[in-house]
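**Student:** Have a peek at input20.txt (compact mmCIF, C-alpha atoms).
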# COMPACT_ATOMS: atom_id res chain seq x y z
CA MET A 1 -97.06 -141.05 -139.19
CA PHE A 2 -94.67 -138.23 -140.08
CA VAL A 3 -90.92 -138.80 -139.89
CA PRO A 4 -88.17 -136.36 -140.91
CA GLN A 5 -86.42 -137.46 -144.07
CA ILE A 6 -83.09 -136.15 -145.31
CA CYS A 7 -83.26 -135.69 -149.05
CA GLY A 8 -80.52 -134.85 -151.53
CA LEU A 9 -81.17 -133.41 -154.99
CA SER A 10 -79.44 -134.65 -158.13
CA ARG A 11 -79.74 -134.38 -161.86
CA CYS A 12 -80.53 -137.51 -163.84
CA ILE A 13 -76.82 -138.27 -164.05
CA LYS A 14 -75.18 -141.28 -162.38
CA THR A 15 -72.31 -139.32 -160.85
CA ASP A 16 -74.80 -136.84 -159.38
CA ILE A 17 -76.85 -139.65 -157.88
CA ASP A 18 -73.69 -141.25 -156.46
CA ALA A 19 -72.70 -137.97 -154.81
CA CYS A 20 -76.25 -137.46 -153.54
CA TRP A 21 -76.32 -140.88 -151.91
CA ASN A 22 -72.94 -140.35 -150.27
CA ALA A 23 -74.28 -137.13 -148.77
CA VAL A 24 -77.48 -138.59 -147.28
CA LYS A 25 -76.75 -142.27 -146.64
CA ALA A 26 -75.91 -141.72 -142.96
CA ALA A 27 -79.42 -140.40 -142.29
CA LYS A 28 -82.01 -142.59 -140.60
CA TYR A 29 -84.43 -141.97 -143.45
CA PRO A 30 -82.44 -140.94 -146.56
CA ARG A 31 -84.00 -140.04 -149.89
CA ILE A 32 -82.62 -139.48 -153.38
CA HIS A 33 -84.48 -136.85 -155.39
CA THR A 34 -83.55 -136.88 -159.07
CA PHE A 35 -84.99 -134.61 -161.72
CA ILE A 36 -85.05 -133.82 -165.42
CA ALA A 37 -87.06 -131.30 -167.43
CA THR A 38 -90.02 -132.53 -169.46
CA SER A 39 -91.16 -129.37 -171.27
CA ASP A 40 -90.40 -129.06 -174.97
CA ILE A 41 -88.61 -125.75 -174.44
CA HIS A 42 -86.12 -127.46 -172.10
CA ILE A 43 -85.87 -130.67 -174.12
CA GLU A 44 -85.12 -128.83 -177.35
CA HIS A 45 -83.05 -125.87 -176.15
CA LYS A 46 -81.33 -127.07 -172.97
CA PHE A 47 -80.82 -130.75 -173.71
CA LYS A 48 -80.89 -130.73 -177.53
CA SER A 49 -82.76 -134.00 -177.13
CA THR A 50 -86.11 -135.66 -177.80
CA ARG A 51 -89.08 -136.64 -175.65
CA ALA A 52 -88.28 -140.33 -176.09
CA GLN A 53 -84.68 -139.88 -174.98
CA ILE A 54 -85.68 -137.86 -171.91
CA LEU A 55 -88.26 -140.49 -170.96
CA ASP A 56 -85.67 -143.27 -171.23
CA ARG A 57 -83.18 -141.30 -169.16
CA ALA A 58 -85.73 -140.59 -166.42
CA VAL A 59 -86.63 -144.26 -166.11
CA GLU A 60 -82.99 -145.37 -166.19
CA MET A 61 -81.94 -142.95 -163.46
CA VAL A 62 -84.87 -143.79 -161.18
CA LYS A 63 -83.90 -147.45 -161.46
CA TYR A 64 -80.27 -146.55 -160.77
CA ALA A 65 -81.22 -144.55 -157.66
CA ARG A 66 -83.31 -147.49 -156.46
CA LYS A 67 -80.10 -149.51 -156.16
CA PHE A 68 -79.22 -147.33 -153.17
CA THR A 69 -82.63 -146.84 -151.54
CA PRO A 70 -86.30 -147.53 -152.23
CA ASN A 71 -87.01 -143.94 -151.15
CA VAL A 72 -86.64 -142.24 -154.53
CA GLU A 73 -88.35 -139.05 -155.65
CA PHE A 74 -88.56 -137.95 -159.27
CA SER A 75 -89.28 -134.42 -160.47
CA ALA A 76 -90.53 -133.48 -163.92
CA GLU A 77 -88.93 -130.04 -164.08
CA ASP A 78 -91.12 -127.39 -165.76
CA ALA A 79 -94.08 -129.78 -165.59
CA VAL A 80 -96.56 -126.91 -165.94
CA ARG A 81 -95.29 -126.07 -169.44
CA SER A 82 -94.95 -129.71 -170.48
CA ASN A 83 -97.26 -131.43 -172.96
CA PHE A 84 -99.91 -133.03 -170.73
CA ASP A 85 -100.05 -136.38 -172.54
CA TYR A 86 -96.26 -136.64 -172.42
CA LEU A 87 -96.20 -135.66 -168.75
CA CYS A 88 -98.69 -138.45 -167.97
CA GLN A 89 -96.46 -140.87 -169.88
CA VAL A 90 -93.39 -139.82 -167.88
CA VAL A 91 -95.17 -140.00 -164.51
CA THR A 92 -96.53 -143.47 -165.32
CA ALA A 93 -93.10 -144.71 -166.41
CA VAL A 94 -91.13 -143.43 -163.40
CA ILE A 95 -93.67 -144.90 -160.98
CA ASP A 96 -93.32 -148.24 -162.77
CA ALA A 97 -89.54 -147.81 -162.45
CA GLY A 98 -89.88 -147.50 -158.67
CA ALA A 99 -90.27 -143.82 -157.81
CA SER A 100 -92.07 -143.63 -154.46
CA THR A 101 -92.71 -139.89 -154.78
CA VAL A 102 -93.36 -137.94 -157.98
CA ASN A 103 -92.98 -134.17 -157.86
CA ILE A 104 -94.85 -131.80 -160.17
CA PRO A 105 -93.09 -128.40 -160.19
CA ASP A 106 -94.27 -125.03 -161.39
CA THR A 107 -90.64 -124.18 -162.05
CA VAL A 108 -91.18 -120.66 -163.36
CA GLY A 109 -94.19 -119.67 -161.25
CA TYR A 110 -96.39 -119.43 -164.34
CA SER A 111 -99.56 -121.27 -163.32
CA PHE A 112 -102.76 -120.04 -161.69
CA PRO A 113 -104.43 -122.01 -158.87
CA TYR A 114 -107.34 -123.32 -160.94
CA GLU A 115 -104.89 -124.40 -163.66
CA PHE A 116 -102.43 -126.04 -161.29
CA GLY A 117 -105.15 -127.75 -159.28
CA GLY A 118 -106.61 -128.96 -162.57
CA LEU A 119 -103.23 -130.32 -163.64
CA ILE A 120 -102.93 -132.40 -160.46
CA LYS A 121 -106.53 -133.58 -160.80
CA GLY A 122 -105.87 -134.52 -164.42
CA LEU A 123 -102.85 -136.62 -163.45
CA PHE A 124 -104.93 -138.54 -160.92
CA GLU A 125 -107.50 -139.21 -163.65
CA ARG A 126 -105.04 -140.17 -166.41
CA VAL A 127 -102.10 -141.95 -164.72
CA PRO A 128 -103.19 -145.55 -164.03
CA ASN A 129 -100.61 -146.32 -161.32
CA ILE A 130 -100.62 -142.94 -159.59
CA LYS A 131 -101.79 -144.30 -156.24
CA LYS A 132 -98.53 -146.25 -155.95
CA ALA A 133 -96.66 -142.99 -155.32
CA VAL A 134 -97.03 -139.83 -153.27
CA ILE A 135 -97.72 -136.85 -155.51
CA SER A 136 -95.70 -133.79 -154.54
CA VAL A 137 -95.68 -130.19 -155.76
CA HIS A 138 -92.96 -127.55 -155.90
CA CYS A 139 -94.23 -124.06 -156.71
CA HIS A 140 -92.26 -120.89 -157.38
CA ASN A 141 -93.55 -117.45 -156.51
CA ASP A 142 -92.84 -115.37 -159.63
CA LEU A 143 -96.46 -114.18 -159.78
CA GLY A 144 -97.02 -114.35 -156.02
CA LEU A 145 -99.08 -117.54 -156.33
CA ALA A 146 -96.77 -120.24 -154.94
CA VAL A 147 -98.79 -120.82 -151.76
CA SER A 148 -102.14 -120.64 -153.57
CA ASN A 149 -100.99 -123.11 -156.21
CA SER A 150 -99.62 -125.48 -153.57
CA LEU A 151 -102.91 -125.43 -151.67
CA ALA A 152 -104.90 -125.94 -154.87
CA ALA A 153 -102.77 -129.03 -155.47
CA VAL A 154 -103.52 -130.37 -151.98
CA LEU A 155 -107.24 -129.94 -152.64
CA ASN A 156 -106.79 -132.10 -155.73
CA GLY A 157 -104.81 -134.96 -154.22
CA ALA A 158 -101.20 -133.84 -153.68
CA ARG A 159 -99.83 -135.07 -150.36
CA GLN A 160 -96.41 -133.45 -150.28
CA VAL A 161 -95.67 -129.74 -150.61
CA GLU A 162 -92.11 -128.60 -151.17
CA CYS A 163 -91.76 -125.24 -149.45
CA THR A 164 -89.24 -123.09 -147.60
CA VAL A 165 -89.07 -121.13 -144.36
CA ASN A 166 -89.97 -117.49 -145.07
CA GLY A 167 -90.56 -118.41 -148.71
CA LEU A 168 -86.85 -118.22 -149.56
CA GLY A 169 -85.78 -119.52 -152.94
CA GLU A 170 -84.70 -118.84 -156.49
CA ARG A 171 -85.83 -115.49 -157.95
CA ALA A 172 -89.05 -114.49 -156.13
CA GLY A 173 -88.83 -117.53 -153.87
CA ASN A 174 -90.82 -120.68 -153.22
CA ALA A 175 -94.03 -121.42 -151.36
CA ALA A 176 -93.69 -120.20 -147.77
CA MET A 177 -93.76 -123.11 -145.34
CA GLU A 178 -95.41 -121.12 -142.56
CA GLU A 179 -98.25 -119.98 -144.81
CA VAL A 180 -98.94 -123.45 -146.19
CA VAL A 181 -98.83 -125.08 -142.75
CA MET A 182 -101.02 -122.51 -141.01
CA THR A 183 -103.57 -122.49 -143.84
CA LEU A 184 -103.91 -126.26 -143.53
CA ALA A 185 -104.17 -125.94 -139.74
CA THR A 186 -106.63 -123.04 -139.80
CA ARG A 187 -108.86 -124.43 -142.56
CA LYS A 188 -109.05 -128.09 -141.53
CA ASP A 189 -112.69 -127.98 -142.56
CA LEU A 190 -111.66 -127.40 -146.16
CA PHE A 191 -108.44 -129.37 -146.58
CA LYS A 192 -108.83 -132.25 -144.11
CA ALA A 193 -105.04 -132.64 -144.19
CA THR A 194 -102.44 -132.52 -141.44
CA THR A 195 -98.68 -131.96 -141.51
CA GLY A 196 -97.31 -133.20 -138.20
CA ILE A 197 -95.41 -129.93 -137.82
CA HIS A 198 -95.09 -128.39 -134.34
CA THR A 199 -96.50 -125.00 -135.30
CA GLN A 200 -95.34 -123.40 -132.04
CA GLU A 201 -91.80 -123.54 -133.43
CA ILE A 202 -92.65 -121.66 -136.64
CA TYR A 203 -91.90 -118.14 -135.42
CA ARG A 204 -88.55 -119.08 -133.88
CA ALA A 205 -87.58 -121.03 -137.00
CA SER A 206 -88.47 -118.01 -139.14
CA ARG A 207 -86.35 -115.67 -137.04
CA LEU A 208 -83.43 -118.10 -136.95
CA VAL A 209 -83.42 -118.49 -140.74
CA SER A 210 -83.67 -114.72 -141.15
CA GLN A 211 -80.68 -114.16 -138.88
CA ILE A 212 -78.56 -116.86 -140.51
CA THR A 213 -79.29 -115.79 -144.09
CA GLY A 214 -79.41 -112.05 -143.46
CA MET A 215 -82.70 -111.87 -145.37
CA VAL A 216 -85.11 -109.72 -143.39
CA VAL A 217 -88.73 -110.82 -142.98
CA GLN A 218 -91.01 -108.05 -144.26
CA PRO A 219 -93.19 -106.58 -141.47
CA ASN A 220 -96.46 -107.43 -143.25
CA LYS A 221 -95.42 -111.02 -144.04
CA ALA A 222 -98.27 -113.42 -143.33
CA VAL A 223 -97.97 -115.52 -140.14
CA VAL A 224 -94.45 -114.47 -139.10
CA GLY A 225 -94.19 -110.76 -139.96
CA ALA A 226 -93.86 -108.21 -137.16
CA ASN A 227 -97.33 -106.87 -138.01
CA ALA A 228 -99.01 -110.25 -138.54
CA PHE A 229 -100.84 -109.99 -135.21
CA ALA A 230 -100.68 -106.21 -134.76
CA HIS A 231 -103.85 -104.10 -134.84
CA SER A 232 -103.57 -100.34 -135.39
CA SER A 233 -107.05 -99.41 -136.58
CA GLY A 234 -109.28 -98.06 -133.81
CA ILE A 235 -112.21 -100.17 -134.99
CA HIS A 236 -110.03 -103.29 -135.02
CA GLN A 237 -108.58 -102.52 -131.59
CA ASP A 238 -112.06 -102.05 -130.14
CA GLY A 239 -113.16 -105.38 -131.56
CA MET A 240 -110.04 -107.14 -130.28
CA LEU A 241 -110.60 -105.82 -126.77
CA LYS A 242 -114.12 -107.25 -126.82
CA ASN A 243 -113.25 -110.58 -128.44
CA ARG A 244 -110.00 -111.61 -130.17
CA THR A 245 -111.81 -113.66 -132.79
CA THR A 246 -113.37 -110.50 -134.24
CA TYR A 247 -110.15 -109.81 -136.14
CA GLU A 248 -107.85 -112.79 -135.54
CA ILE A 249 -108.24 -116.17 -137.24
CA MET A 250 -105.13 -117.58 -135.57
CA ASN A 251 -103.80 -117.42 -132.05
CA PRO A 252 -100.30 -115.88 -131.94
CA GLY A 253 -99.30 -118.62 -129.52
CA ASP A 254 -100.06 -121.25 -132.17
CA VAL A 255 -97.00 -120.12 -134.13
CA GLY A 256 -94.85 -119.43 -131.08
CA ILE A 257 -95.41 -115.69 -130.69
CA GLU A 258 -95.78 -114.71 -127.06
CA GLU A 259 -97.95 -111.75 -126.13
CA SER A 260 -95.89 -111.05 -123.02
CA ALA A 261 -92.36 -112.02 -122.15
CA LEU A 262 -90.08 -111.77 -119.16
CA LEU A 263 -87.77 -108.83 -119.77
CA LEU A 264 -84.15 -109.27 -118.77
CA THR A 265 -82.05 -106.34 -117.57
CA ALA A 266 -78.51 -105.64 -116.40
CA ARG A 267 -79.63 -106.81 -112.95
CA SER A 268 -80.71 -110.23 -114.24
CA GLY A 269 -78.46 -113.04 -113.11
CA ARG A 270 -77.09 -116.15 -114.76
CA ASN A 271 -80.07 -118.15 -113.46
CA GLY A 272 -82.62 -115.78 -114.95
CA LEU A 273 -80.82 -115.84 -118.28
CA ASN A 274 -80.60 -119.64 -118.29
CA ASN A 275 -84.30 -120.03 -117.48
CA ARG A 276 -85.25 -117.67 -120.29
CA LEU A 277 -83.02 -119.52 -122.76
CA LYS A 278 -84.57 -122.84 -121.73
CA HIS A 279 -88.01 -121.33 -122.28
CA LEU A 280 -86.88 -120.40 -125.79
CA GLY A 281 -85.76 -123.98 -126.41
CA PHE A 282 -82.00 -123.61 -125.82
CA ASN A 283 -80.34 -125.98 -123.34
CA LEU A 284 -76.79 -124.73 -122.86
CA THR A 285 -73.84 -126.34 -121.15
CA ALA A 286 -72.22 -124.48 -118.26
CA LYS A 287 -69.40 -123.39 -120.57
CA GLU A 288 -71.81 -122.15 -123.24
CA LEU A 289 -73.86 -120.31 -120.61
CA ASP A 290 -70.74 -118.58 -119.29
CA ALA A 291 -69.87 -117.41 -122.80
CA ILE A 292 -73.28 -115.95 -123.59
CA PHE A 293 -73.66 -114.50 -120.08
CA ASP A 294 -70.62 -112.30 -120.67
CA ARG A 295 -72.08 -111.05 -123.96
CA PHE A 296 -75.49 -110.63 -122.32
CA LYS A 297 -74.07 -108.43 -119.53
CA THR A 298 -72.20 -106.31 -122.08
CA LEU A 299 -75.43 -105.78 -124.02
CA ALA A 300 -77.57 -105.26 -120.91
CA ASP A 301 -75.22 -102.50 -119.75
CA LYS A 302 -75.92 -100.66 -123.01
CA LYS A 303 -79.71 -100.93 -123.11
CA LYS A 304 -82.59 -100.97 -120.65
CA TYR A 305 -84.20 -104.28 -121.58
CA VAL A 306 -82.91 -107.39 -123.35
CA PHE A 307 -85.63 -109.08 -125.40
CA ASP A 308 -85.98 -112.66 -126.64
CA ASP A 309 -84.88 -111.69 -130.15
CA ASP A 310 -81.78 -110.10 -128.63
CA LEU A 311 -80.93 -113.39 -126.91
CA VAL A 312 -81.35 -115.40 -130.11
CA ALA A 313 -79.09 -112.92 -131.90
CA LEU A 314 -76.43 -113.24 -129.19
CA LEU A 315 -76.60 -117.03 -129.44
CA SER A 316 -76.35 -117.13 -133.22
CA GLU A 317 -73.48 -114.64 -133.17
CA GLY A 318 -71.54 -116.85 -130.78
CA LYS A 319 -72.22 -120.16 -132.54
CA SER A 320 -69.87 -119.92 -135.49
CA GLU A 321 -67.98 -122.85 -136.97
CA VAL A 322 -65.53 -120.41 -138.52
CA ARG A 323 -62.20 -119.87 -136.83
CA GLU A 324 -61.90 -116.24 -135.74
CA THR A 325 -58.59 -115.27 -137.31
CA PHE A 326 -59.08 -111.61 -136.40
CA VAL A 327 -61.05 -110.31 -133.40
CA LEU A 328 -62.29 -106.73 -133.08
CA GLU A 329 -60.70 -105.11 -130.01
CA TYR A 330 -61.30 -101.41 -130.54
CA LEU A 331 -63.12 -99.11 -132.93
CA ASN A 332 -63.17 -95.33 -132.97
CA ILE A 333 -65.02 -93.24 -135.53
CA SER A 334 -64.60 -89.56 -136.34
CA SER A 335 -67.44 -88.36 -138.54
CA GLY A 336 -69.76 -85.41 -138.92
CA THR A 337 -70.86 -82.53 -141.10
CA GLY A 338 -67.92 -80.99 -142.94
CA THR A 339 -65.43 -83.64 -141.79
CA ILE A 340 -63.89 -86.59 -143.59
CA PRO A 341 -65.08 -89.83 -141.96
CA THR A 342 -62.13 -91.59 -140.33
CA ALA A 343 -62.00 -94.96 -138.58
CA THR A 344 -59.34 -96.32 -136.26
CA VAL A 345 -59.54 -100.09 -135.90
CA ARG A 346 -57.62 -102.40 -133.61
CA LEU A 347 -57.72 -106.13 -134.34
CA LYS A 348 -56.24 -109.04 -132.43
CA LYS A 349 -54.82 -112.12 -134.12
CA GLY A 350 -53.63 -114.66 -131.59
CA ASP A 351 -51.25 -112.79 -129.29
CA LYS A 352 -50.60 -110.03 -131.81
CA VAL A 353 -52.45 -106.71 -131.96
CA PHE A 354 -52.73 -104.61 -135.12
CA GLN A 355 -54.07 -101.08 -135.48
CA GLU A 356 -54.77 -99.00 -138.56
CA ALA A 357 -56.71 -95.88 -139.49
CA ALA A 358 -58.43 -95.06 -142.77
CA CYS A 359 -60.70 -92.46 -144.34
CA GLY A 360 -63.76 -93.25 -146.41
CA ASP A 361 -66.97 -91.99 -147.97
CA GLY A 362 -68.74 -92.72 -144.68
CA PRO A 363 -68.03 -94.35 -141.32
CA VAL A 364 -68.77 -97.86 -142.60
CA ASP A 365 -66.56 -97.39 -145.67
CA ALA A 366 -63.76 -96.01 -143.50
CA THR A 367 -64.08 -98.97 -141.13
CA THR A 368 -63.87 -101.59 -143.88
CA LYS A 369 -60.84 -99.86 -145.38
CA ALA A 370 -59.07 -99.89 -142.01
CA VAL A 371 -59.84 -103.60 -141.65
CA ASP A 372 -58.50 -104.20 -145.17
CA LYS A 373 -55.22 -102.50 -144.26
CA ILE A 374 -54.73 -104.95 -141.40
CA THR A 375 -55.86 -108.15 -143.11
CA GLY A 376 -54.24 -107.44 -146.46
CA LEU A 377 -57.48 -108.38 -148.23
CA LYS A 378 -59.70 -106.08 -150.24
CA PRO A 379 -63.00 -107.88 -150.74
CA LYS A 380 -65.81 -106.12 -152.57
CA LEU A 381 -68.83 -105.30 -150.41
CA GLU A 382 -71.72 -106.58 -152.52
CA ASP A 383 -74.61 -106.32 -150.11
CA TYR A 384 -75.27 -104.53 -146.83
CA SER A 385 -78.44 -104.62 -144.74
CA LEU A 386 -79.33 -103.34 -141.30
CA ARG A 387 -82.30 -104.19 -139.12
CA ALA A 388 -83.37 -103.51 -135.56
CA ILE A 389 -83.69 -106.77 -133.66
CA SER A 390 -85.77 -105.28 -130.85
CA SER A 391 -87.62 -102.02 -130.24
CA GLY A 392 -86.66 -98.70 -128.70
CA LYS A 393 -83.92 -96.12 -129.16
CA ASP A 394 -81.43 -98.51 -127.58
CA ALA A 395 -82.41 -101.40 -129.87
CA LEU A 396 -79.85 -104.02 -130.77
CA GLY A 397 -79.01 -103.64 -134.45
CA GLU A 398 -78.01 -106.50 -136.72
CA VAL A 399 -75.93 -105.92 -139.84
CA SER A 400 -75.63 -108.53 -142.58
CA VAL A 401 -73.09 -108.23 -145.38
CA ARG A 402 -72.03 -110.19 -148.42
CA VAL A 403 -68.52 -109.76 -149.78
CA GLU A 404 -66.71 -111.14 -152.82
CA LEU A 405 -63.03 -111.84 -153.33
CA GLY A 406 -61.64 -113.72 -156.30
CA GLY A 407 -64.99 -115.29 -157.11
CA LEU A 408 -65.50 -116.47 -153.52
CA LYS A 409 -68.58 -114.98 -151.87
CA MET A 410 -69.07 -114.96 -148.11
CA THR A 411 -71.66 -113.58 -145.73
CA GLY A 412 -71.11 -112.09 -142.30
CA ARG A 413 -73.32 -110.87 -139.48
CA GLY A 414 -72.70 -108.63 -136.51
CA THR A 415 -74.84 -107.24 -133.71
CA SER A 416 -74.45 -104.23 -131.44
CA THR A 417 -76.39 -101.26 -130.12
CA ASP A 418 -73.91 -99.23 -132.22
CA ILE A 419 -74.57 -99.78 -135.92
CA ILE A 420 -70.99 -98.95 -136.94
CA GLU A 421 -69.65 -101.52 -134.49
CA ALA A 422 -72.22 -104.02 -135.81
CA SER A 423 -71.02 -103.22 -139.34
CA ALA A 424 -67.40 -103.79 -138.36
CA LYS A 425 -68.27 -107.13 -136.75
CA ALA A 426 -70.26 -108.24 -139.80
CA TYR A 427 -67.52 -107.28 -142.25
CA LEU A 428 -64.84 -108.92 -140.10
CA SER A 429 -66.98 -112.06 -139.83
CA ALA A 430 -67.09 -112.31 -143.63
CA VAL A 431 -63.34 -111.66 -143.90
CA ASN A 432 -62.65 -114.40 -141.35
CA ARG A 433 -64.76 -116.76 -143.43
CA ILE A 434 -62.63 -115.97 -146.47
CA LEU A 435 -59.44 -116.58 -144.52
CA ASP A 436 -60.83 -119.78 -142.99
CA SER A 437 -61.96 -121.02 -146.39
CA SER A 438 -58.53 -120.29 -147.88
CA SER A 439 -56.84 -122.24 -145.10
CA ARG A 440 -59.13 -125.22 -145.75
CA LYS A 441 -58.64 -124.87 -149.52
CA LYS A 442 -62.39 -125.11 -150.11
CA PRO A 443 -65.54 -123.00 -149.64
CA ILE A 444 -67.38 -123.50 -146.36
CA GLY A 445 -70.73 -122.55 -144.85
CA GLY A 446 -71.46 -118.95 -145.59
CA THR A 447 -70.86 -119.12 -149.32
CA VAL A 448 -73.72 -117.78 -151.37
Would it be possible to restate this file's structure as structure tokens?
**Tutor:**
Amino acid sequence: MFVPQICGLSRCIKTDIDACWNAVKAAKYPRIHTFIATSDIHIEHKFKSTRAQILDRAVEMVKYARKFTPNVEFSAEDAVRSNFDYLCQVVTAVIDAGASTVNIPDTVGYSFPYEFGGLIKGLFERVPNIKKAVISVHCHNDLGLAVSNSLAAVLNGARQVECTVNGLGERAGNAAMEEVVMTLATRKDLFKATTGIHTQEIYRASRLVSQITGMVVQPNKAVVGANAFAHSSGIHQDGMLKNRTTYEIMNPGDVGIEESALLLTARSGRNGLNNRLKHLGFNLTAKELDAIFDRFKTLADKKKYVFDDDLVALLSEGKSEVRETFVLEYLNISSGTGTIPTATVRLKKGDKVFQEAACGDGPVDATTKAVDKITGLKPKLEDYSLRAISSGKDALGEVSVRVELGGLKMTGRGTSTDIIEASAKAYLSAVNRILDSSSRKKPIGGTV
């Protein structure tokens, strides 16, 4: 039986474990995950310690975590580059100390599938008490092998894979959840392992994470990319028309991709919108429906069709826990060949209205400078990305930005059929996060 568990990560330090437990203890199934590196390069250079001292610390901290919950996971960081005999010793000791899950990470994405699978197989052969714990793996994607290594581990006995939606993670990322799950589902004959995951939610989860993080999913990304189920070759198209299985090993519906969808227009009513949102998995209150219906009508007046991705973008744009200190009321841009780009921006703060104009190197630069004049802040724009949420010349565009001010980094997102307006909304969203964080005297969601 699969149950969702809420897990917090901590170093092998008592204060970390205390903080971890305080963060997860309210969950129905909480878990403490504590880790320490076991490779000589980490032991000698990072910890200035010895193998014996690291072993003792690992055992001590697993026992300490067990005082809070029996659901304790231990990770041997950089396990792939650890001495194998020593790694076996550590795994044996932490299981004896009470670890219910032991995680074997490829921290730097160095291993190849046959090596990593062999490592897991070797642990099952050498660790006498290994069946008392679930063996987990955590693979990084530095060489593009995170998914392959994770699957090789499953073939050799691992029963937990640590992965992320869209493969997000440190450096080149981690194993992509959607790829691991759909490989296990598609090749049941080979793996004979199940996950309990509702695969029909994968595509929506992927898009939601992309919108929240501002990290665009590449079109040719396996399983969830825009081209994952697209066929452009004439030979492929001919085969698909005759029988889908000629060129498709998965059904798009299995991951939640619909081949046809009801298109909403400016003539669609509140009922039609609500039914479509329910179909997408969103059950809104009457008040929430009123709020998104207004935004929907504004968008529908600007473009011919409103697609599902447009609706999700409208929802995510409206569901912000950040107090909107400033609201964009008006934006006018003067730009063109041989002219200096100028932006006039009007913002509303409570009952007060402020308006400023500024010139810049381009319309976006001019807009941010006008906003800065009003807010009194001058954050540095560190990252800017733009993507089309739907298709067509009237597509809804989504802009994601990251700004920095005084060491505080915040992200912002904005959507519009006008990319300059979307840019203004995104920048203002990040500025509002800075102001909201300052008023709370601590960083909030949106920090990077």
**Student:** Enter the distance from atom CA of A:Glu115 to atom CA of A:Arg187, in Å, rounded to one decimal.
**Tutor:**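 According to the coordinates, atom CA of A:Glu115 and atom CA of A:Arg187 are separated by 21.5 Å.
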**Student:** Find the residues around A:Leu9 up to 12 Å (all atoms listed in the file counted), leave out those fewer than 4 positions away in its own chain, and share them as a PyMOL selection string.
**Tutor:** chain A and resi 13+16-24+30-36+65+72-75
**Student:** Atoms to include: C-alpha atoms. Write the selected residues as an mmCIF file, keeping the file's coordinate frame.
**Tutor:**
data_model
loop_
_atom_site.group_PDB
_atom_site.id
_atom_site.type_symbol
_atom_site.label_atom_id
_atom_site.label_comp_id
_atom_site.auth_asym_id
_atom_site.auth_seq_id
_atom_site.Cartn_x
_atom_site.Cartn_y
_atom_site.Cartn_z
ATOM 1 C CA ILE A 13 -76.820 -138.270 -164.050
ATOM 2 C CA ASP A 16 -74.800 -136.840 -159.380
ATOM 3 C CA ILE A 17 -76.850 -139.650 -157.880
ATOM 4 C CA ASP A 18 -73.690 -141.250 -156.460
ATOM 5 C CA ALA A 19 -72.700 -137.970 -154.810
ATOM 6 C CA CYS A 20 -76.250 -137.460 -153.540
ATOM 7 C CA TRP A 21 -76.320 -140.880 -151.910
ATOM 8 C CA ASN A 22 -72.940 -140.350 -150.270
ATOM 9 C CA ALA A 23 -74.280 -137.130 -148.770
ATOM 10 C CA VAL A 24 -77.480 -138.590 -147.280
ATOM 11 C CA PRO A 30 -82.440 -140.940 -146.560
ATOM 12 C CA ARG A 31 -84.000 -140.040 -149.890
ATOM 13 C CA ILE A 32 -82.620 -139.480 -153.380
ATOM 14 C CA HIS A 33 -84.480 -136.850 -155.390
ATOM 15 C CA THR A 34 -83.550 -136.880 -159.070
ATOM 16 C CA PHE A 35 -84.990 -134.610 -161.720
ATOM 17 C CA ILE A 36 -85.050 -133.820 -165.420
ATOM 18 C CA ALA A 65 -81.220 -144.550 -157.660
ATOM 19 C CA VAL A 72 -86.640 -142.240 -154.530
ATOM 20 C CA GLU A 73 -88.350 -139.050 -155.650
ATOM 21 C CA PHE A 74 -88.560 -137.950 -159.270
ATOM 22 C CA SER A 75 -89.280 -134.420 -160.470
#
**Student:** Give me, as a PyMOL selection string, all polymer residues having an atom no more than 10 Å from stretch 410-419 of chain A, counting only C-alpha atoms and skipping those fewer than 3 positions away in the same chain.
**Tutor:** chain A and resi 211-214+298-299+302-303+310+313-314+316-317+364+379+381-389+393-405+407+422-434+437+443-448
**Student:** Give me, as a Markdown table, the closest atom pair and its distance (Å, one decimal) for every residue of stretch 126-182 of chain A within a cut-off of 10 Å of stretch 80-89 of chain A, counting all atoms listed in the file, rows sorted by chain and rising number.
**Tutor:**
| residue | atom | partner | partner_atom | distance |
| --- | --- | --- | --- | --- |
| A:Arg126 | CA | A:Cys88 | CA | 6.8 |
| A:Val127 | CA | A:Cys88 | CA | 5.9 |
| A:Pro128 | CA | A:Cys88 | CA | 9.3 |
| A:Ile130 | CA | A:Cys88 | CA | 9.7 |
| A:Cys139 | CA | A:Val80 | CA | 9.9 |
**Student:** Return the single residue from A:Thr92, A:Ile292, A:Ile333, A:Val180 that is closest to A:Leu123, with distances computed using all atoms listed in the file.
**Tutor:**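 Of A:Thr92, A:Ile292, A:Ile333, A:Val180, the one nearest A:Leu123 is A:Thr92, counting all atoms listed in the file.
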**Student:** As an exercise, work out the distance from atom CA of A:Ser334 to atom CA of A:Cys359 in Å and give it to one decimal place.
**Tutor:** 9.4 Å
**Student:** List as a PyMOL selection string the protein and nucleic acid residues near stretch 144-152 of chain A, meaning an atom at most 10 Å away when only C-alpha atoms are counted, but skip any in the same chain fewer than 2 places from it.
**Tutor:** chain A and resi 105-106+109-121+136-142+154-158+160-163+167+172-181+183-184+191
**Student:** Quick one: distance from atom CA of A:Ile249 to atom CA of A:Thr164 in Å, one decimal?
**Tutor:**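 Taking atom CA of A:Ile249 as the start and atom CA of A:Thr164 as the end point, the length is 22.7 Å.
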**Student:** Can you list, as a list in words, every protein, DNA or RNA residue that comes within 10 Å of A:His198 when you count only C-alpha atoms, leaving out same-chain residues fewer than 3 positions away?
**Tutor:**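 My reading of the contact set: Val181, Thr195, Glu201, Ile202, Asp254, Val255 and Gly256 of chain A.
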